[in-house]
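S.K.: Next up, structure-v1.tsv (TSV, C-alpha atoms).
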chain	number	residue	atom	x	y	z
A	314	MET	CA	143.39	3.26	131.82
A	315	ASN	CA	140.90	1.87	129.38
A	316	ARG	CA	137.87	2.65	127.24
A	317	TYR	CA	136.14	-0.33	128.85
A	318	PRO	CA	135.87	-0.35	132.62
A	319	ALA	CA	137.73	-3.22	134.23
A	320	PRO	CA	135.83	-5.41	136.66
A	321	GLU	CA	136.68	-5.40	140.33
A	322	LEU	CA	138.98	-8.20	141.43
A	323	LYS	CA	136.44	-9.25	144.08
A	324	ASP	CA	133.78	-9.77	141.38
A	325	LEU	CA	135.82	-12.18	139.25
A	326	PRO	CA	135.45	-15.97	139.19
A	327	GLU	CA	137.71	-17.68	141.72
A	328	ASP	CA	140.15	-19.19	139.19
A	329	MET	CA	140.77	-15.81	137.60
A	330	ARG	CA	141.06	-14.02	140.94
A	331	GLN	CA	143.63	-16.59	142.15
A	332	ARG	CA	145.73	-16.25	138.98
A	333	ILE	CA	145.71	-12.45	139.24
A	334	LEU	CA	146.66	-12.57	142.93
A	335	GLU	CA	149.57	-14.91	142.07
A	336	VAL	CA	150.80	-12.43	139.46
A	337	GLN	CA	150.42	-9.58	141.95
A	338	GLU	CA	152.37	-11.52	144.58
A	339	LYS	CA	155.21	-12.21	142.15
A	340	SER	CA	155.44	-8.78	140.50
A	341	GLY	CA	154.19	-6.48	143.25
A	342	PHE	CA	151.33	-5.11	141.10
A	343	VAL	CA	148.56	-6.27	138.79
A	344	PRO	CA	149.44	-5.69	135.13
A	345	ASN	CA	146.57	-3.81	133.54
A	346	VAL	CA	146.02	-6.47	130.87
A	347	PHE	CA	144.82	-8.96	133.50
A	348	LEU	CA	141.93	-6.76	134.60
A	349	ALA	CA	141.24	-5.14	131.22
A	350	LEU	CA	140.55	-8.50	129.58
A	351	ALA	CA	138.74	-9.95	132.61
A	352	ARG	CA	135.44	-8.41	131.57
A	353	ARG	CA	134.94	-11.54	129.42
A	354	PRO	CA	136.00	-14.56	131.50
A	355	ALA	CA	135.90	-17.19	128.72
A	356	GLU	CA	138.05	-15.02	126.45
A	357	TRP	CA	140.39	-14.18	129.36
A	358	ARG	CA	140.95	-17.86	130.08
A	359	ALA	CA	141.57	-18.66	126.41
A	360	PHE	CA	143.91	-15.68	126.02
A	361	PHE	CA	146.07	-16.56	129.01
A	362	ALA	CA	146.06	-20.28	128.22
A	363	TYR	CA	147.49	-19.54	124.77
A	364	HIS	CA	149.85	-16.92	126.18
A	365	ASP	CA	151.24	-19.45	128.65
A	366	ALA	CA	151.49	-22.19	126.01
A	367	LEU	CA	153.63	-19.89	123.86
A	368	MET	CA	155.63	-17.90	126.38
A	369	LEU	CA	156.24	-20.36	129.23
A	370	LYS	CA	156.99	-23.56	127.32
A	371	GLU	CA	160.27	-25.31	127.96
A	372	GLU	CA	160.61	-27.04	124.58
A	373	GLY	CA	162.45	-25.51	121.64
A	374	SER	CA	165.53	-23.38	121.42
A	375	LEU	CA	163.89	-19.98	121.89
A	376	THR	CA	164.80	-18.61	125.30
A	377	LYS	CA	162.30	-16.66	127.39
A	378	GLY	CA	164.30	-13.53	126.57
A	379	GLU	CA	164.12	-14.25	122.83
A	380	ARG	CA	160.38	-14.78	123.08
A	381	GLU	CA	160.09	-11.36	124.73
A	382	MET	CA	162.34	-9.90	122.00
A	383	ILE	CA	159.85	-11.11	119.40
A	384	VAL	CA	156.97	-9.54	121.33
A	385	THR	CA	158.80	-6.24	121.81
A	386	ALA	CA	159.94	-5.86	118.19
A	387	THR	CA	156.64	-6.84	116.59
A	388	SER	CA	154.59	-4.83	119.09
A	389	ALA	CA	156.67	-1.78	118.16
A	390	ALA	CA	155.90	-2.45	114.49
A	391	ASN	CA	152.21	-2.60	115.47
A	392	ASN	CA	152.50	0.65	117.48
A	393	CYS	CA	151.33	-0.99	120.70
A	394	LEU	CA	152.53	1.08	123.64
A	395	TYR	CA	151.22	-1.37	126.24
A	396	CYS	CA	153.05	-4.39	124.88
A	397	VAL	CA	156.28	-2.56	124.04
A	398	VAL	CA	156.51	-1.17	127.57
A	399	ALA	CA	155.31	-4.27	129.44
A	400	HIS	CA	157.19	-6.88	127.43
A	401	GLY	CA	160.19	-4.61	127.08
A	402	ALA	CA	160.42	-4.62	130.87
A	403	ILE	CA	160.32	-8.41	130.95
A	404	LEU	CA	162.91	-8.53	128.14
A	405	ARG	CA	165.30	-6.32	130.12
A	406	ILE	CA	164.96	-8.61	133.12
A	407	TYR	CA	165.44	-11.87	131.21
A	408	GLU	CA	168.39	-10.59	129.19
A	409	LYS	CA	169.90	-8.61	132.10
A	410	LYS	CA	170.50	-5.71	129.69
A	411	PRO	CA	168.89	-2.39	130.63
A	412	LEU	CA	169.12	-0.97	127.07
A	413	VAL	CA	168.07	-3.95	124.97
A	414	ALA	CA	164.31	-3.38	124.95
A	415	ASP	CA	164.57	0.20	123.75
A	416	GLN	CA	167.05	-0.84	121.07
A	417	VAL	CA	164.88	-3.73	119.88
A	418	ALA	CA	161.74	-1.59	119.85
A	419	VAL	CA	163.30	1.27	117.90
A	420	ASN	CA	165.54	-0.64	115.48
A	421	TYR	CA	166.37	-4.26	116.23
A	422	ARG	CA	168.88	-4.28	113.34
A	423	LYS	CA	171.11	-1.92	115.35
A	424	ALA	CA	170.42	-3.48	118.75
A	425	ASP	CA	173.08	-5.12	120.88
A	426	ILE	CA	171.87	-8.64	120.13
A	427	ALA	CA	173.45	-11.75	118.64
A	428	PRO	CA	173.29	-12.42	114.87
A	429	ARG	CA	171.12	-15.43	115.70
A	430	GLN	CA	168.60	-13.18	117.43
A	431	ARG	CA	168.69	-10.69	114.55
A	432	ALA	CA	167.79	-13.52	112.12
A	433	MET	CA	164.98	-14.57	114.46
A	434	LEU	CA	163.61	-11.01	114.48
A	435	ASP	CA	163.95	-10.69	110.69
A	436	PHE	CA	161.62	-13.68	110.42
A	437	ALA	CA	159.23	-12.36	113.09
A	438	MET	CA	159.00	-8.97	111.42
A	439	LYS	CA	158.24	-10.56	108.06
A	440	VAL	CA	155.49	-12.63	109.70
A	441	CYS	CA	154.21	-9.45	111.38
A	442	LEU	CA	154.25	-7.16	108.37
A	443	HIS	CA	154.25	-9.40	105.28
A	444	SER	CA	153.13	-12.91	106.22
A	445	ASP	CA	151.76	-13.36	102.72
A	446	ALA	CA	155.34	-13.12	101.40
A	447	ILE	CA	156.87	-15.85	103.63
A	448	GLU	CA	158.69	-18.38	101.47
A	449	ASP	CA	161.10	-21.28	101.82
A	450	ALA	CA	164.08	-18.91	101.66
A	451	ASP	CA	162.94	-17.34	104.94
A	452	PHE	CA	163.14	-20.72	106.64
A	453	ALA	CA	166.48	-21.48	104.98
A	454	ALA	CA	167.94	-18.24	106.39
A	455	LEU	CA	167.21	-19.49	109.91
A	456	GLN	CA	168.78	-22.94	109.56
A	457	PRO	CA	172.44	-21.81	109.95
A	458	HIS	CA	171.40	-20.26	113.28
A	459	GLY	CA	170.08	-23.57	114.60
A	460	TYR	CA	166.38	-22.79	114.42
A	461	THR	CA	164.12	-25.77	113.74
A	462	TYR	CA	160.76	-25.75	112.00
A	463	ASP	CA	159.16	-25.97	115.44
A	464	ASP	CA	161.15	-22.93	116.61
A	465	ASN	CA	159.95	-21.06	113.52
A	466	TRP	CA	156.37	-22.10	114.31
A	467	ASP	CA	156.83	-20.70	117.83
A	468	ASN	CA	158.24	-17.47	116.39
A	469	ALA	CA	155.27	-17.07	114.03
A	470	ALA	CA	152.73	-18.07	116.68
A	471	ILE	CA	154.14	-15.54	119.17
A	472	THR	CA	154.09	-12.85	116.48
A	473	ALA	CA	150.51	-13.66	115.50
A	474	PHE	CA	149.22	-13.97	119.07
A	475	PHE	CA	150.67	-10.63	120.04
A	476	GLY	CA	149.26	-9.11	116.87
A	477	LEU	CA	145.87	-9.91	118.44
A	478	SER	CA	147.01	-8.62	121.81
A	479	ASN	CA	148.39	-5.41	120.26
A	480	ARG	CA	145.12	-4.68	118.54
A	481	MET	CA	143.03	-5.33	121.64
A	482	ALA	CA	145.30	-3.09	123.73
A	483	ARG	CA	145.25	-0.29	121.17
A	484	PHE	CA	141.53	-0.25	120.44
A	485	SER	CA	140.68	-0.36	124.15
A	486	ASP	CA	143.28	2.30	125.03
A	487	MET	CA	144.99	-0.01	127.52
A	488	MET	CA	147.90	1.82	129.12
A	489	PRO	CA	151.01	0.27	130.67
A	490	ASN	CA	151.35	0.25	134.43
A	491	PRO	CA	153.91	2.84	135.61
A	492	GLU	CA	155.92	0.04	137.25
A	493	PHE	CA	156.81	-1.43	133.84
A	494	TYR	CA	158.72	1.69	132.78
A	495	VAL	CA	161.43	1.21	135.39
A	496	MET	CA	161.65	-2.58	135.68
A	497	GLY	CA	165.03	-3.97	134.70
A	498	ARG	CA	166.62	-0.60	134.00
A	499	ILE	CA	168.61	-0.33	137.21
A	500	PRO	CA	170.18	-3.48	138.64
A	501	ARG	CA	168.72	-4.56	141.95
A	502	GLU	CA	170.95	-4.08	144.94
A	503	LYS	CA	172.23	-7.36	146.28
A	504	LYS	CA	171.01	-8.21	149.73
A	505	PRO	CA	173.76	-8.42	152.31
A	506	ALA	CA	174.69	-11.93	153.37
A	507	ALA	CA	173.16	-12.90	156.66
Let me see the file written as structure tokens.
M.R.:
Amino acid sequence: MNRYPAPELKDLPEDMRQRILEVQEKSGFVPNVFLALARRPAEWRAFFAYHDALMLKEEGSLTKGEREMIVTATSAANNCLYCVVAHGAILRIYEKKPLVADQVAVNYRKADIAPRQRAMLDFAMKVCLHSDAIEDADFAALQPHGYTYDDNWDNAAITAFFGLSNRMARFSDMMPNPEFYVMGRIPREKKPAA
């Protein structure tokens, strides 16, 4: 899974172990990133605190699906298999579209997404690949789509944070869990009414 051996769950500090067990309970497995980064507890805590601040916040107009779109598109540009597969799975679930993650990862300009989302990804990709070239015109292009300066900050922060994540995953050879490949591709069967 990784160039650096992951610690055993039983050997982790209690706060980390509890968080990982909560994730396992919710998803049915432990995403590899949780154990791969756990070898350095202070960094793990900082990483997931910033992740949660960016990805779970309720303020702003970016939906959870749009946040995952940013991660998927920019992670593809950074050639990060782990993040494309893992966040692509979450994107499929949030958007309830089994094809969207593959489309966004390969060529978001041709993906089945709204023009508003395409503008959002244009900005994210420029932050990802050419942040030194960001100018006022890039912000102006987002205004007709209803994005605020705070939304644009979120977009850039997500892009930058996952640039770090992409590089850590790639250098350490972190591989996606097999479960991510199938999540959100086939609609769940509805449980019969009791």
S.K.: Please provide the set of residues having any atom within 9 Å of Ala454 of chain A, restricted to all atoms listed in the file, with same-chain residues fewer than 5 positions apart removed, written as a PDB file with C-alpha atoms, in the frame of the given file.
M.R.:
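For reference, result-v1.pdb as written:
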ATOM      1  CA  ALA A 432     167.790 -13.520 112.120  1.00  0.00           C
ATOM      2  CA  PHE A 436     161.620 -13.680 110.420  1.00  0.00           C
ATOM      3  CA  ASP A 449     161.100 -21.280 101.820  1.00  0.00           C
TER       4      ASP A 449
END
S.K.: List the neighbours of Thr387 of chain A out to 12 Å using only C-alpha atoms; skip same-chain residues closer than 5 positions along the sequence, and give me the result as a ChimeraX atom specification.
M.R.: /A:380-382,392-394,396-397,400-401,414,417-421,433-443,468-480
S.K.: Emit the selected residues as an mmCIF file, in the frame of the given file, including C-alpha atoms.
M.R.:
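Full text of part.cif as output:
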data_model
loop_
_atom_site.group_PDB
_atom_site.id
_atom_site.type_symbol
_atom_site.label_atom_id
_atom_site.label_comp_id
_atom_site.auth_asym_id
_atom_site.auth_seq_id
_atom_site.Cartn_x
_atom_site.Cartn_y
_atom_site.Cartn_z
ATOM 1 C CA ARG A 380 160.380 -14.780 123.080
ATOM 2 C CA GLU A 381 160.090 -11.360 124.730
ATOM 3 C CA MET A 382 162.340 -9.900 122.000
ATOM 4 C CA ASN A 392 152.500 0.650 117.480
ATOM 5 C CA CYS A 393 151.330 -0.990 120.700
ATOM 6 C CA LEU A 394 152.530 1.080 123.640
ATOM 7 C CA CYS A 396 153.050 -4.390 124.880
ATOM 8 C CA VAL A 397 156.280 -2.560 124.040
ATOM 9 C CA HIS A 400 157.190 -6.880 127.430
ATOM 10 C CA GLY A 401 160.190 -4.610 127.080
ATOM 11 C CA ALA A 414 164.310 -3.380 124.950
ATOM 12 C CA VAL A 417 164.880 -3.730 119.880
ATOM 13 C CA ALA A 418 161.740 -1.590 119.850
ATOM 14 C CA VAL A 419 163.300 1.270 117.900
ATOM 15 C CA ASN A 420 165.540 -0.640 115.480
ATOM 16 C CA TYR A 421 166.370 -4.260 116.230
ATOM 17 C CA MET A 433 164.980 -14.570 114.460
ATOM 18 C CA LEU A 434 163.610 -11.010 114.480
ATOM 19 C CA ASP A 435 163.950 -10.690 110.690
ATOM 20 C CA PHE A 436 161.620 -13.680 110.420
ATOM 21 C CA ALA A 437 159.230 -12.360 113.090
ATOM 22 C CA MET A 438 159.000 -8.970 111.420
ATOM 23 C CA LYS A 439 158.240 -10.560 108.060
ATOM 24 C CA VAL A 440 155.490 -12.630 109.700
ATOM 25 C CA CYS A 441 154.210 -9.450 111.380
ATOM 26 C CA LEU A 442 154.250 -7.160 108.370
ATOM 27 C CA HIS A 443 154.250 -9.400 105.280
ATOM 28 C CA ASN A 468 158.240 -17.470 116.390
ATOM 29 C CA ALA A 469 155.270 -17.070 114.030
ATOM 30 C CA ALA A 470 152.730 -18.070 116.680
ATOM 31 C CA ILE A 471 154.140 -15.540 119.170
ATOM 32 C CA THR A 472 154.090 -12.850 116.480
ATOM 33 C CA ALA A 473 150.510 -13.660 115.500
ATOM 34 C CA PHE A 474 149.220 -13.970 119.070
ATOM 35 C CA PHE A 475 150.670 -10.630 120.040
ATOM 36 C CA GLY A 476 149.260 -9.110 116.870
ATOM 37 C CA LEU A 477 145.870 -9.910 118.440
ATOM 38 C CA SER A 478 147.010 -8.620 121.810
ATOM 39 C CA ASN A 479 148.390 -5.410 120.260
ATOM 40 C CA ARG A 480 145.120 -4.680 118.540
#
S.K.: Atom CA of Val346 of chain A and atom CA of Lys410 of chain A, how far apart in Å?
M.R.: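 Distance between the two atoms: 24.5 Å.
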S.K.: What is the atom CA of Glu379 of chain A-atom CA of Leu350 of chain A distance in Å, reported with one decimal?
M.R.: 25.2 Å
S.K.: For a quick check of your reading of the model, name the residues lying within 10 Å of the coordinate (137.7, 1.9, 130.6), counting all atoms listed in the file, and write them as number ranges by chain.
M.R.: A: 314-320, 349, 485-487
S.K.: I want to know what sits within 10 Å of Arg498 of chain A, based on only C-alpha atoms, with residues of the same chain fewer than 3 positions away left out; could you give that as a list in words?
M.R.: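 Within the cut-off, the hits are Ala402, Arg405, Ile406, Lys409, Lys410, Pro411, Leu412, Val413, Ala414, Phe493, Tyr494, Val495 and Arg501 of chain A.
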S.K.: What gap, in Å, lies between atom CA of Asp451 of chain A and atom CA of Val384 of chain A?
M.R.: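 Pair atom CA of Asp451 of chain A / atom CA of Val384 of chain A returns 19.1 Å.
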S.K.: Need the shell around Glu321 of chain A: protein/DNA/RNA residues with any atom at most 10 Å away, counting only C-alpha atoms. Skip same-chain ones fewer than 6 positions apart. Format as a compact mmCIF listing (two decimals) with C-alpha atoms, in the coordinates of the input?
M.R.:
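Once written, out.txt looks like this:
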# COMPACT_ATOMS: atom_id res chain seq x y z
CA ARG A 330 141.06 -14.02 140.94
CA LEU A 348 141.93 -6.76 134.60
CA ALA A 351 138.74 -9.95 132.61
CA ARG A 352 135.44 -8.41 131.57
S.K.: List the spatial neighbours of Arg332 of chain A as a list in words - criterion: any atom at most 12 Å away, all atoms listed in the file, same-chain residues fewer than 2 positions off excluded.
M.R.: Leu322, Leu325, Pro326, Glu327, Asp328, Met329, Arg330, Leu334, Glu335, Val336, Gln337, Glu338, Lys339, Val343, Pro344, Phe347, Leu348, Ala351, Trp357, Arg358, Phe361 and Ala362 of chain A
S.K.: Please define a box with edges along x, y and z of the file around all atoms of segment 429-445 of chain A given in the file, extend it by 4 Å on each side, and return its centre and edge lengths in Å to one decimal, as AutoDock Vina command-line options.
M.R.:
--center_x 161.4 --center_y -11.3 --center_z 110.1 --size_x 27.4 --size_y 16.3 --size_z 22.7
S.K.: Which is closest to Ala399 of chain A among A:Thr461, A:Asp415, A:Asp324, A:Tyr363, if we use all atoms listed in the file?
M.R.: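 Looking only at the distances to Ala399 of chain A, the closest residue turns out to be A:Asp415.
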S.K.: Nearest to Ser388 of chain A: which of A:Ala482, A:Gly497, A:Glu448, A:Met488 is it, counting all atoms listed in the file?
M.R.: A:Ala482
S.K.: Measuring atom to atom with all atoms listed in the file, identify which of A:Tyr407, A:Ala386, A:Glu492, A:Gly373 is nearest to Tyr462 of chain A.
M.R.: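 Selected residue with least distance to Tyr462 of chain A: A:Gly373.
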S.K.: From the list A:Ile403, A:Pro457, A:Asp463, A:Met496, which residue is nearest Leu367 of chain A when using all atoms listed in the file?
M.R.: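 Nearest candidate to Leu367 of chain A out of A:Ile403, A:Pro457, A:Asp463, A:Met496: A:Asp463.
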